[in-house]
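Encoded as structure tokens, the structure appears first; notes follow it.
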Amino acid sequence: MHPIIIFSKMDFSQSNLFGYIEDLQELTIIERPVRRSLKTPEEIERLTVDEELSDIERAVYLLSSGQDIQGTSVVANLPVLMRQNPAETLRRVLPKIRILNPLVSKAQLSQTLQSRLVSCKIMGKLANKFEAHIIKRDILPLVKSLCQDAEYEVRTCICRQLEHIAQGIGAELTKTVVLPELVELARDEGSSVRLAAFETLVNLLDMFDADDRSQTVLPLVKSFCEKSFKADETILVSLSFHLGKLCNGLYGIFTPEQHLRFFEFYKKLSTLGLQQENGHNDNQLQVQTLEQEKKYILVRKNCAYNFPAMIVFVDPKNFHLELYSIFFCLCHDPEVPVRYTMALSFYEVAKLLNSGVYTIHKELVTLLQDESLEVLDALVGHLPEILELMTNGGENCGSENKLLSIPDLITALTTAEQRAATSLKWRTHEKLLQKYACLPHIISSDQIYYRFLHRMLTIILTNNVLPVQKAAARTLCVYLRYNRKQEQRHEVIQKLIEQLGQGKSYWNRLRFLDTCEIIMELFSKSFFCKYFFLPVLELTHDPVANVRMKLCYLLPKVKSTLRIPTDKHLLQQLELCIRKLLCQEKDKDVLTIVKRTVLELDRMEISVDAFQKRFYENDLLDQEKERQEHLLLEMEQLEKEKQQNEGRSTNINNKIFEKKRRDSKTSSVLAKSITLSVPGSSSATSAGKEDKKSKLVRSQSFSTQALHPKYNTLDKCPNKNSATGYTSSVSGMGKDCTLSFTDDSFRTHSGGNSGNAAFPSSSSRNLYNSADQKSSGNKEIQTRKMNILLWVKMETSGIICSSH
């Protein structure tokens, strides 16, 4: 223990942010002067503190058992403690402070500027640590005094602390005490004071009722917005940052005119500084200084930050009409910070649009292909969620919109990965590859195989950054896990074994072991044992010690994939390899690891084919993985059968269509020849001609039906499009055949639009309808009906009897 005097230990240097040494030394609650002579042993004992205590622990000790002067020093040193360790200061130090007199004394107008500023900041931190009545009695009068301070720095400082004070005193006192002060400060002559008052008003909107918002807050905000363009650009920066919160906080009290005015104000801010580039107001704009341009960029960046809030303000249904043009400008802004902020908020925008998310897929492509990798890095954070929303199109989007965005997205994703790969920002590349593992849930297995899977293998083989290689290996294993074609899976597995496991570079063989470790995590035990168990064991003969060493670390996991008695032969291979390592290993480090691994393997228990209690959860998980793998094989088989059936049905339909076309052509030629060979216009001749044409049509109809032996009776033939009232039913077996027709069978209309199943070819229908148009009188129609009925009876009896 060493005597430590508190004055020499606490930070009272001139560089202290909140005051000078002479100011802090005045913080005292003792009335008698401090003796300047040497301390007595008793006084030294009382002032002695363990030097191993941290600053927080020392402050707690001094406030608990120290003298008054020591407690005062802790209060004076609070800003330093808050800066160093705010959480512990609020939790352990502030609850110990119960003497507010030093704070009150140092906040008086008679004190120095720095002392009053320190008091303002301490009040803001202490406001929610005391009971409301103590704050009302001791702090609120002091707050009012500081709000009227002669120095604008003090008024600004206390204005920014009113938010914390309001949270400590509650809504009622805030309305009666804090709000009037804020209103007065909002009209202050100092611009920094007005700005602080505006920001505090926005942050306290939730504590004001509707009347306060409409009668007090809204007029102040309107006045502030109207004067903002005439004032310093700093006010525009703050206003643009708080505009989203302000618009939604006052949403319920806006009139339609006010709603439109604030929205137009946001639109104006979102393009601030771009008018000259876009060709607007060229004659009115002055040359912008560099400082102005920086502030305008901050304004547009804040507009990008508030864009999701403005979607809520305008309503997502009106996005395309009201906000899309702003969204387009912000995504194509010439400044990187603006596009970076839009990339950060893109996911929130997509969620809000829901079923209308397809309208912004072009901007997603634009940001993915942005020239700045910072923008890409910001977008990648929520890329899986964004892609899922894009392809699924929200809850109510049609499938046509889903398909429109996928081709552009795939190209943009591949371009983004290639740009990240050629840059020096490998962390962005690693992050991108990790997020690309979501693609099996977004696009088809074939698209992944041809556009992404082989690229992952190339990265593993050629990239020099280990985290990037591991990220590519994991993503490749995910693609392999969800690949739906066995031929493609076998090809990838073969390449992994040949190019990695048997590669010439020891670095590739190390990555093969990393890949196998991921495979054991993602796939079932049986899958690993079938394809990778023996290739892994072959590396026990690797000429590089680092490869053998890494293999030894992996052997316990390899052994855990075995099941007895199914994998008994693999277990024997594993034991043989371990014995060879023990006998033949020459590297001391590898041999040490081998011996340690042997002990671990001996302690391991191998699971059996039947479920065991101690392996129950792992076995269930492995069984689920195996079930999913079998399901993929079954789905592949079903798809093959479906494709074969579709091909077969297509061939059959083509043959039927060709035969109908030939029959139609034959009937047209026949009808034409009949018409030419029987001239005349008498009724008897016309009736005979119509009778022959009708017979021809009906013969073609029944010959078509006779082509399909599965129709044993005419009532099984479909007649969905009949418009003539024709019905037929044939029943009986052998030679007993019965045919019945309704009275209005074969009734035709002059429009020629009848579509009966008995008339399969369009030429036959046209021929029949043209004959109807030429006929005249009921006598001719009745004659034609009788002839057709007699002919159909004879033809039908012959067809059905022959089919039996």
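Order determines the names: the first chain of the structure tokens is A, the second B, and so forth; residues in each chain are numbered 1 upward, and ligands are numbered 1 upward as they are shown.
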
key: Shell of 10 Å around stretch 430-441 of chain A, only C-alpha atoms, local chain residues under 5 positions omitted, as a PyMOL selection string   = chain A and resi 376-377+379-385+387-388+391+410+413+416-417+420-421+425+446-448+452+456+465-483

Residue selection dump (C-alpha atoms) as an mmCIF file, in the first residue's frame:
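The resulting out_10.cif:
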```cif
data_model
loop_
_atom_site.group_PDB
_atom_site.id
_atom_site.type_symbol
_atom_site.label_atom_id
_atom_site.label_comp_id
_atom_site.auth_asym_id
_atom_site.auth_seq_id
_atom_site.Cartn_x
_atom_site.Cartn_y
_atom_site.Cartn_z
ATOM 1 C CA LEU A 376 -21.173 -3.503 -53.175
ATOM 2 C CA ASP A 377 -19.992 -4.246 -49.649
ATOM 3 C CA LEU A 379 -25.395 -4.170 -50.419
ATOM 4 C CA VAL A 380 -23.994 -7.617 -49.650
ATOM 5 C CA GLY A 381 -24.969 -7.493 -45.961
ATOM 6 C CA HIS A 382 -28.620 -8.342 -46.695
ATOM 7 C CA LEU A 383 -28.137 -9.809 -50.168
ATOM 8 C CA PRO A 384 -29.793 -13.206 -49.425
ATOM 9 C CA GLU A 385 -32.925 -11.510 -48.092
ATOM 10 C CA LEU A 387 -32.635 -11.827 -53.603
ATOM 11 C CA GLU A 388 -35.360 -13.875 -51.966
ATOM 12 C CA THR A 391 -37.382 -13.758 -56.928
ATOM 13 C CA ILE A 410 -27.481 -13.674 -62.511
ATOM 14 C CA LEU A 413 -24.044 -11.373 -59.485
ATOM 15 C CA ALA A 416 -19.921 -8.375 -58.934
ATOM 16 C CA GLU A 417 -17.953 -11.449 -57.873
ATOM 17 C CA ALA A 420 -14.411 -8.205 -56.081
ATOM 18 C CA ALA A 421 -11.963 -10.960 -57.043
ATOM 19 C CA LYS A 425 -10.434 -5.888 -50.843
ATOM 20 C CA ASP A 446 -28.733 -25.832 -63.596
ATOM 21 C CA GLN A 447 -28.189 -22.069 -63.406
ATOM 22 C CA ILE A 448 -25.990 -22.538 -60.352
ATOM 23 C CA PHE A 452 -21.462 -20.331 -60.217
ATOM 24 C CA MET A 456 -16.147 -21.572 -56.861
ATOM 25 C CA VAL A 465 -6.208 -15.630 -49.796
ATOM 26 C CA LEU A 466 -7.070 -18.401 -47.344
ATOM 27 C CA PRO A 467 -10.377 -16.924 -45.997
ATOM 28 C CA VAL A 468 -11.571 -16.436 -49.571
ATOM 29 C CA GLN A 469 -10.681 -20.021 -50.460
ATOM 30 C CA LYS A 470 -12.520 -21.365 -47.416
ATOM 31 C CA ALA A 471 -15.579 -19.246 -48.194
ATOM 32 C CA ALA A 472 -15.588 -20.555 -51.771
ATOM 33 C CA ALA A 473 -15.212 -24.137 -50.511
ATOM 34 C CA ARG A 474 -18.201 -23.826 -48.189
ATOM 35 C CA THR A 475 -20.360 -22.246 -50.881
ATOM 36 C CA LEU A 476 -19.347 -24.958 -53.358
ATOM 37 C CA CYS A 477 -20.361 -27.640 -50.849
ATOM 38 C CA VAL A 478 -23.742 -25.942 -50.425
ATOM 39 C CA TYR A 479 -24.210 -25.940 -54.202
ATOM 40 C CA LEU A 480 -23.260 -29.619 -54.311
ATOM 41 C CA ARG A 481 -25.670 -30.330 -51.463
ATOM 42 C CA TYR A 482 -28.643 -28.953 -53.387
ATOM 43 C CA ASN A 483 -27.650 -30.043 -56.894
#
```

message = I'd like the interatomic distance between atom CA of A:Ala412 and atom CA of A:Ile386, to a tenth of an Å.
response = 13.7 Å

inquiry  = From a backbone DSSP assignment, name each residue in stretch 440-580 of chain A labelled alpha helix (DSSP H), as number ranges by chain.
reply    = A: 445-448, 454-462, 466-482, 486-495, 506-522, 525-531, 533-537, 545-560, 568-580

d(atom CA of A:Asn546, atom CA of A:Thr428) in Å =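 Taking atom CA of A:Asn546 as the start and atom CA of A:Thr428 as the end point, the length is 28.9 Å.
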
task = Please provide the set of residues having any atom within 9 Å of A:Ala309, restricted to only C-alpha atoms, with same-chain residues fewer than 2 positions apart removed, written as a count of residues only.
result = 12

Quick one: everything within 9 Å of A:Asn508, counting only C-alpha atoms, minus sequence neighbours fewer than 6 positions away in the same chain. Send it as a short mmCIF file (atom, residue, chain, number, x, y, z; two decimals) with N, CA and C atoms, in the first residue's frame.
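Contents of around.cif, as written:
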```
data_model
loop_
_atom_site.label_atom_id
_atom_site.label_comp_id
_atom_site.auth_asym_id
_atom_site.auth_seq_id
_atom_site.Cartn_x
_atom_site.Cartn_y
_atom_site.Cartn_z
N ILE A 460 -11.05 -21.72 -55.44
CA ILE A 460 -10.31 -22.57 -54.51
C ILE A 460 -8.93 -22.92 -55.07
N LEU A 461 -8.86 -23.14 -56.36
CA LEU A 461 -7.61 -23.58 -56.98
C LEU A 461 -6.64 -22.44 -57.23
N GLN A 499 -8.48 -32.71 -58.59
CA GLN A 499 -7.78 -31.43 -58.65
C GLN A 499 -7.36 -30.90 -57.29
N LEU A 500 -8.07 -31.31 -56.25
CA LEU A 500 -7.69 -30.87 -54.90
C LEU A 500 -6.98 -31.99 -54.14
N GLY A 501 -7.69 -33.11 -53.95
CA GLY A 501 -7.13 -34.19 -53.14
C GLY A 501 -5.88 -34.81 -53.74
N GLN A 502 -5.82 -34.85 -55.06
CA GLN A 502 -4.65 -35.41 -55.74
C GLN A 502 -3.87 -34.34 -56.51
#
```

Please report, as a tab-separated table, each residue of stretch 81-186 of chain A lying at most 9 Å from stretch 195-207 of chain A, together with the nearest pair of atoms and the separation in Å rounded to one decimal; use only C-alpha atoms, and order rows by chain and ascending residue number.
```
residue	atom	partner	partner_atom	distance
A:Thr156	CA	A:Ala196	CA	6.2
A:Cys157	CA	A:Ala196	CA	8.3
A:Cys159	CA	A:Ala197	CA	6.1
A:Arg160	CA	A:Ala196	CA	5.9
A:Gln161	CA	A:Thr200	CA	8.5
A:Leu162	CA	A:Thr200	CA	7.2
A:Glu163	CA	A:Thr200	CA	6.1
A:Ala166	CA	A:Leu204	CA	8.2
A:Gln167	CA	A:Met207	CA	8.8
A:Gly170	CA	A:Met207	CA	8.3
A:Ala171	CA	A:Met207	CA	5.7
A:Glu172	CA	A:Met207	CA	8.9
A:Thr174	CA	A:Met207	CA	7.9
A:Lys175	CA	A:Met207	CA	8.3
A:Leu179	CA	A:Leu201	CA	8.3
A:Leu182	CA	A:Ala197	CA	5.7
A:Val183	CA	A:Ala197	CA	7.7
A:Glu184	CA	A:Ala197	CA	8.8
A:Leu185	CA	A:Ala197	CA	6.0
A:Ala186	CA	A:Ala197	CA	5.2
```

Let's have the selection written as a PDB file, in the first residue's frame, with N, CA and C atoms.
```pdb
ATOM      1  N   THR A 156     -26.813  26.465 -26.099  1.00  0.00           N
ATOM      2  CA  THR A 156     -26.774  25.318 -27.014  1.00  0.00           C
ATOM      3  C   THR A 156     -26.549  24.024 -26.253  1.00  0.00           C
ATOM      4  N   CYS A 157     -25.630  24.033 -25.298  1.00  0.00           N
ATOM      5  CA  CYS A 157     -25.298  22.813 -24.548  1.00  0.00           C
ATOM      6  C   CYS A 157     -26.481  22.342 -23.711  1.00  0.00           C
ATOM      7  N   CYS A 159     -29.578  23.030 -24.204  1.00  0.00           N
ATOM      8  CA  CYS A 159     -30.672  22.649 -25.106  1.00  0.00           C
ATOM      9  C   CYS A 159     -30.534  21.191 -25.537  1.00  0.00           C
ATOM     10  N   ARG A 160     -29.324  20.752 -25.780  1.00  0.00           N
ATOM     11  CA  ARG A 160     -29.115  19.364 -26.196  1.00  0.00           C
ATOM     12  C   ARG A 160     -29.291  18.393 -25.025  1.00  0.00           C
ATOM     13  N   GLN A 161     -29.245  18.882 -23.792  1.00  0.00           N
ATOM     14  CA  GLN A 161     -29.454  18.015 -22.630  1.00  0.00           C
ATOM     15  C   GLN A 161     -30.919  17.945 -22.210  1.00  0.00           C
ATOM     16  N   LEU A 162     -31.774  18.801 -22.812  1.00  0.00           N
ATOM     17  CA  LEU A 162     -33.184  18.807 -22.429  1.00  0.00           C
ATOM     18  C   LEU A 162     -33.876  17.484 -22.760  1.00  0.00           C
ATOM     19  N   GLU A 163     -33.389  16.808 -23.790  1.00  0.00           N
ATOM     20  CA  GLU A 163     -33.977  15.501 -24.121  1.00  0.00           C
ATOM     21  C   GLU A 163     -33.801  14.516 -22.973  1.00  0.00           C
ATOM     22  N   ALA A 166     -35.926  15.613 -19.982  1.00  0.00           N
ATOM     23  CA  ALA A 166     -37.349  15.316 -20.188  1.00  0.00           C
ATOM     24  C   ALA A 166     -37.657  13.852 -19.908  1.00  0.00           C
ATOM     25  N   GLN A 167     -36.757  12.961 -20.293  1.00  0.00           N
ATOM     26  CA  GLN A 167     -36.976  11.539 -20.014  1.00  0.00           C
ATOM     27  C   GLN A 167     -36.940  11.252 -18.528  1.00  0.00           C
ATOM     28  N   GLY A 170     -40.554  12.998 -16.968  1.00  0.00           N
ATOM     29  CA  GLY A 170     -41.840  12.506 -17.430  1.00  0.00           C
ATOM     30  C   GLY A 170     -42.548  13.475 -18.349  1.00  0.00           C
ATOM     31  N   ALA A 171     -43.664  13.015 -18.939  1.00  0.00           N
ATOM     32  CA  ALA A 171     -44.373  13.778 -19.973  1.00  0.00           C
ATOM     33  C   ALA A 171     -45.038  15.028 -19.433  1.00  0.00           C
ATOM     34  N   GLU A 172     -45.578  14.980 -18.220  1.00  0.00           N
ATOM     35  CA  GLU A 172     -46.324  16.120 -17.691  1.00  0.00           C
ATOM     36  C   GLU A 172     -45.423  17.329 -17.461  1.00  0.00           C
ATOM     37  N   THR A 174     -42.526  17.726 -18.744  1.00  0.00           N
ATOM     38  CA  THR A 174     -41.940  18.103 -20.024  1.00  0.00           C
ATOM     39  C   THR A 174     -42.836  19.103 -20.747  1.00  0.00           C
ATOM     40  N   LYS A 175     -44.124  18.858 -20.685  1.00  0.00           N
ATOM     41  CA  LYS A 175     -45.069  19.758 -21.358  1.00  0.00           C
ATOM     42  C   LYS A 175     -45.099  21.137 -20.721  1.00  0.00           C
ATOM     43  N   LEU A 179     -41.061  22.168 -22.771  1.00  0.00           N
ATOM     44  CA  LEU A 179     -41.567  22.652 -24.057  1.00  0.00           C
ATOM     45  C   LEU A 179     -41.533  24.171 -24.178  1.00  0.00           C
ATOM     46  N   LEU A 182     -38.035  25.154 -24.935  1.00  0.00           N
ATOM     47  CA  LEU A 182     -37.644  24.791 -26.302  1.00  0.00           C
ATOM     48  C   LEU A 182     -38.222  25.769 -27.321  1.00  0.00           C
ATOM     49  N   VAL A 183     -39.455  26.201 -27.097  1.00  0.00           N
ATOM     50  CA  VAL A 183     -40.067  27.162 -28.021  1.00  0.00           C
ATOM     51  C   VAL A 183     -39.277  28.467 -28.043  1.00  0.00           C
ATOM     52  N   GLU A 184     -38.887  28.899 -26.879  1.00  0.00           N
ATOM     53  CA  GLU A 184     -38.106  30.133 -26.814  1.00  0.00           C
ATOM     54  C   GLU A 184     -36.724  29.959 -27.429  1.00  0.00           C
ATOM     55  N   LEU A 185     -36.094  28.818 -27.168  1.00  0.00           N
ATOM     56  CA  LEU A 185     -34.767  28.577 -27.742  1.00  0.00           C
ATOM     57  C   LEU A 185     -34.834  28.423 -29.263  1.00  0.00           C
ATOM     58  N   ALA A 186     -35.976  27.930 -29.774  1.00  0.00           N
ATOM     59  CA  ALA A 186     -36.124  27.775 -31.226  1.00  0.00           C
ATOM     60  C   ALA A 186     -36.166  29.117 -31.936  1.00  0.00           C
TER      61      ALA A 186
END
```
